[in-house]
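Okay, structure first, notes after.
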Amino acid sequence: MDEEWAAAWRLLPVYLSQHMLLSVCALVIGFAISLPLSVAASRSAAVRWPSLFAASLIQTIPSLALLALFYPLLLATSMLTKKVTGVGFPALGFLPSVMALTLYSMLPVLRNGVAGIRAVDPAAIEAALGMGMTERQRLFWVELPLAAPVMMAGARTAAVWTIGAATLATPVGQTSLGNYIFLGLQTENWIFVLFGCFASAALALAADQLLGLIESGLSARSRLRVWAGVLGLVVGAAACLSPLAAIPGKAGYRVGAKNFAEQYILAEVMVRRLQATRAPVSLKEDLGSATAYRALAASEIDTYVDYTGTLWTNVLGRRDNPGREAMLRDLTVLLAQRNHVRLLGPLGFENAYVLAMKPERARELGISSVADLAPHAPELKLGSDLEFLSRPEWTDLRRAYDLRFRSSTAYQPTFMYRALEDGQADVISAFSSDGRIAADHLVVLSDPKQALPPYDAVILVSPRRARDSRLIAALSPMVGAIPVQTMREANYSVDRPKDKLTPTAAAMWLDAQVSQKR
């Protein structure tokens, strides 16, 4: 317990500074757009209704979806500009995150700005006109000062929304306090989850209170309160942003990881090995399958571990199953031809999709294979991870065995296992190297028709680093050095109910095993 709290505190400066940078940039840009727009909208219905409708419509889009949608859009734009001008821009991480959060910050500022300006007493405006003020003078000397308390209320709402939503930037490669939450959920480290939630909430509440102090100062015409609030915001932001100076720049290696425990462990091993070369190394975790490969192909990240079955079906769109050796050989050639991605080699274990059941339930129904499962499927409930039901592998498996479950529900992986334990699911789509299979003593159902392709873990290297001798030398010892039992033990050390290891500690153990193997 103490070790987990200590680990959480060690990560706080990096996570908090990145979270603050993202939130501040999104709010500043959002205010810069919304405030002039609110003035124009208060003057003209032709501007007011479309702008308020567009801002309201954006709020109906789930935050995570909007963040994820910006990445492929920016990636395509970057590729186009690079093709036309020879210069691209990074499309992963900060840019899609700040663009999405800027849009989310606009509605409360815009709505309150319009409401505040339109609510100014007409008598005050008439007095300003009577004094001969120009429209510009009337706006800055009369309307905005009178509307300021209402507008500040909108700024407070925008700040709280933006700081909270910034935790969702983690899956698109932007480090934030959300890293605590996503990592904690995947590894059932509830201390990390609580730490991330509390840190984000504390930051949002602090910003809200300081903005509230400015708001009350404007209402009471108290310069002391206003300047105290401004000073508090500036000092607080500077304190949170100060650790950014110690974060390595973009010149080093960037390692990617998908959003489950095994990926965290393997990515940490790669980070350790690359750090041994004395080069700066950064880690981008919780990437989705499609996002991870696109980021690698665009050299947004330099290396990560993927799986042959995923690459075969999702990246290449192939539905056949040529067998393990042929698939590995063809992937090496086709990925190089298609995206100039280098497949460094297989790690030595397979992490395949499998269907798993509790042993007592499997014995009760006499099920040991997917073929045995098919006749009982209409009476059973399937639980899957968030991707499986939309993947072509599920379509192929369902057709091969004519699987028709009573219901199918997608869960975040941690809760998928808990659903099986609680009886909310009878069968789950597990991973063959997952430590939770051993931890929960689950029965893995065989696939006699081989409907699912092989899923050998392989190291991929981006086009930018494909000939980087230092990276290749650092990571090559991992190739063929991690048998499935070793990977299961590393996963189990993170997933076991008691005496858990952190992914970093598990990576240290796994790295030692790789070194001994060599």
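Each chain in the structure tokens gets a letter, A, B, ..., in the order shown, and its residues are numbered from 1; ligands are numbered from 1 in order too.
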Would you pick out the contacts of A:Ala279 at 6 Å or less, using only C-alpha atoms, so that residues sharing its chain but fewer than 2 positions from it are not included, and give the list as a PDB file with N, CA and C atoms, in the first residue's frame?
```pdb
ATOM      1  N   GLY A 252      14.386  12.649 -28.081  1.00  0.00           N
ATOM      2  CA  GLY A 252      14.650  11.278 -27.681  1.00  0.00           C
ATOM      3  C   GLY A 252      13.704  10.282 -28.313  1.00  0.00           C
ATOM      4  N   GLN A 275      16.770   3.757 -22.229  1.00  0.00           N
ATOM      5  CA  GLN A 275      17.436   4.683 -21.301  1.00  0.00           C
ATOM      6  C   GLN A 275      18.885   4.281 -21.048  1.00  0.00           C
ATOM      7  N   THR A 277      20.903   3.509 -23.170  1.00  0.00           N
ATOM      8  CA  THR A 277      21.730   4.100 -24.230  1.00  0.00           C
ATOM      9  C   THR A 277      22.035   5.568 -23.955  1.00  0.00           C
TER      10      THR A 277
END
```
(request) Please return as a PyMOL selection string: the residues of stretch 393-490 of chain A that backbone DSSP assigns to strand (DSSP E or B). (result) chain A and resi 407-410+427-431+443-444+446+456-461
(request) Provide the atom CA of A:Val39 to atom CA of A:Ala237 distance in Å, to one decimal place. (result)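 One can read the atom CA of A:Val39 to atom CA of A:Ala237 distance as 28.0 Å.
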(message) Need to verify the contact set: A:Gly116, 7 Å, only C-alpha atoms, exclusion of same-chain residues closer than 2 positions in sequence. Can you return it as a list of chain:residue names?
(response) A:Asn112, A:Gly113, A:Val114, A:Arg118, A:Ala119, A:Val120, A:Ala147, A:Val150, A:Met151
(request) Per DSSP on the backbone, filter stretch 209-256 of chain A down to the residues in alpha helix (DSSP H) and report them as a PyMOL selection string. (result) chain A and resi 209-219+223-241
Within 10 Å of A:Ala261 using only C-alpha atoms, minus same-chain residues under 2 positions, as a PDB file with C-alpha atoms, in the first residue's frame:
```pdb
ATOM      1  CA  LEU A 183      -3.446   2.693 -15.600  1.00  0.00           C
ATOM      2  CA  GLY A 184      -5.214   2.078 -12.302  1.00  0.00           C
ATOM      3  CA  LEU A 185      -8.323   0.663 -13.972  1.00  0.00           C
ATOM      4  CA  GLN A 186      -6.309  -1.711 -16.142  1.00  0.00           C
ATOM      5  CA  THR A 187      -4.188  -3.030 -13.266  1.00  0.00           C
ATOM      6  CA  GLU A 188      -6.848  -2.758 -10.524  1.00  0.00           C
ATOM      7  CA  ALA A 257       1.769   1.194 -25.258  1.00  0.00           C
ATOM      8  CA  LYS A 258      -1.813   0.042 -25.616  1.00  0.00           C
ATOM      9  CA  ASN A 259      -4.223   0.076 -22.725  1.00  0.00           C
ATOM     10  CA  GLN A 263       1.538  -3.497 -22.711  1.00  0.00           C
ATOM     11  CA  TYR A 264       2.500  -1.330 -19.748  1.00  0.00           C
ATOM     12  CA  ILE A 265       5.043  -3.934 -18.631  1.00  0.00           C
ATOM     13  CA  LEU A 266       6.594  -4.447 -22.065  1.00  0.00           C
ATOM     14  CA  ALA A 267       6.733  -0.703 -22.729  1.00  0.00           C
ATOM     15  CA  ASP A 286      -3.200   3.827 -23.248  1.00  0.00           C
ATOM     16  CA  PRO A 413     -11.088  -5.338 -19.252  1.00  0.00           C
ATOM     17  CA  THR A 414     -10.842  -5.120 -15.462  1.00  0.00           C
ATOM     18  CA  ASP A 434      -3.190 -12.596 -19.299  1.00  0.00           C
ATOM     19  CA  GLY A 435      -2.167 -13.138 -15.692  1.00  0.00           C
ATOM     20  CA  ALA A 490       4.902 -10.911 -15.183  1.00  0.00           C
ATOM     21  CA  ASN A 491       1.215 -10.255 -15.876  1.00  0.00           C
ATOM     22  CA  TYR A 492       0.174 -12.233 -12.818  1.00  0.00           C
ATOM     23  CA  VAL A 494       0.449  -7.126 -11.576  1.00  0.00           C
ATOM     24  CA  ASP A 495      -2.977  -8.821 -11.537  1.00  0.00           C
ATOM     25  CA  THR A 502       3.462  -2.081 -10.152  1.00  0.00           C
ATOM     26  CA  PRO A 503       4.036  -2.382 -13.942  1.00  0.00           C
TER      27      PRO A 503
END
```
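For the pair atom CA of A:Glu143 and atom CA of A:Ile117, the interatomic distance is 6.0 Å.
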(message) So that I can check the surroundings of A:Ala238, please list as a VMD selection string every protein, DNA and RNA residue that reaches within 12 Å of it, counting only C-alpha atoms and ignoring chain neighbours fewer than 3 positions away.
(response) chain A and resid 16 to 17 20 to 21 24 231 to 235 241 to 245
(request) Calculate how many Å separate atom CA of A:Val28 from atom CA of A:Ala206, rounding to one decimal. (result) 17.2 Å
Contacts of A:Val305 at 7 Å (only C-alpha atoms; same-chain gap of 4+ positions) as a compact mmCIF listing (two decimals) with C-alpha atoms, in the first residue's frame:
```txt
# COMPACT_ATOMS: atom_id res chain seq x y z
CA ALA A 457 3.82 -10.42 -29.85
CA VAL A 458 6.23 -8.50 -32.10
CA ILE A 459 8.30 -5.34 -31.78
CA LEU A 460 7.52 -2.72 -34.44
```
(request) Give the answer as one residue: which of A:Lys82, A:Arg399, A:Arg156, A:His441 has the shortest atom-to-atom distance to A:Ile214, using only C-alpha atoms? (result) A:Arg156
(request) Find the spatial neighbours of A:Gln516, counting only C-alpha atoms, within a cut-off of 12 Å - ignore same-chain residues fewer than 6 positions away - and output them as an NGL selection string. (result) :A and (477-478 or 481-482 or 509-510)
Give me the residues of stretch 197-306 of chain A that have any atom at most 12 Å from an atom of stretch 371-388 of chain A; for each, the nearest atom pair and the distance in Å, rounded to one decimal. Use only C-alpha atoms, sort by chain and number, and format it as a Markdown table.
```
| residue | atom | partner | partner_atom | distance |
| --- | --- | --- | --- | --- |
| A:Asn259 | CA | A:Leu386 | CA | 10.8 |
| A:Phe260 | CA | A:Asp385 | CA | 10.6 |
| A:Gly288 | CA | A:Glu387 | CA | 9.2 |
| A:Ser289 | CA | A:Glu387 | CA | 8.9 |
| A:Ala290 | CA | A:Glu387 | CA | 10.6 |
```
Keeping N, CA and C atoms, export the residues of the selection given above as a tab-separated table (two decimals), in the first residue's frame.
```
chain	number	residue	atom	x	y	z
A	259	ASN	N	-3.61	-0.17	-24.04
A	259	ASN	CA	-4.22	0.08	-22.72
A	259	ASN	C	-4.54	-1.18	-21.93
A	260	PHE	N	-3.53	-2.04	-21.72
A	260	PHE	CA	-3.71	-3.15	-20.78
A	260	PHE	C	-2.36	-3.50	-20.16
A	288	GLY	N	-5.15	3.30	-28.32
A	288	GLY	CA	-5.98	2.27	-28.93
A	288	GLY	C	-5.22	1.53	-30.01
A	289	SER	N	-5.72	0.37	-30.43
A	289	SER	CA	-5.00	-0.44	-31.42
A	289	SER	C	-4.77	0.32	-32.72
A	290	ALA	N	-5.83	0.93	-33.25
A	290	ALA	CA	-5.69	1.65	-34.51
A	290	ALA	C	-4.81	2.88	-34.33
```
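Using only C-alpha atoms, the smallest distance between any of A:Arg278, A:Arg10, A:Arg294, A:Lys358 and A:Leu335 comes from A:Arg294.
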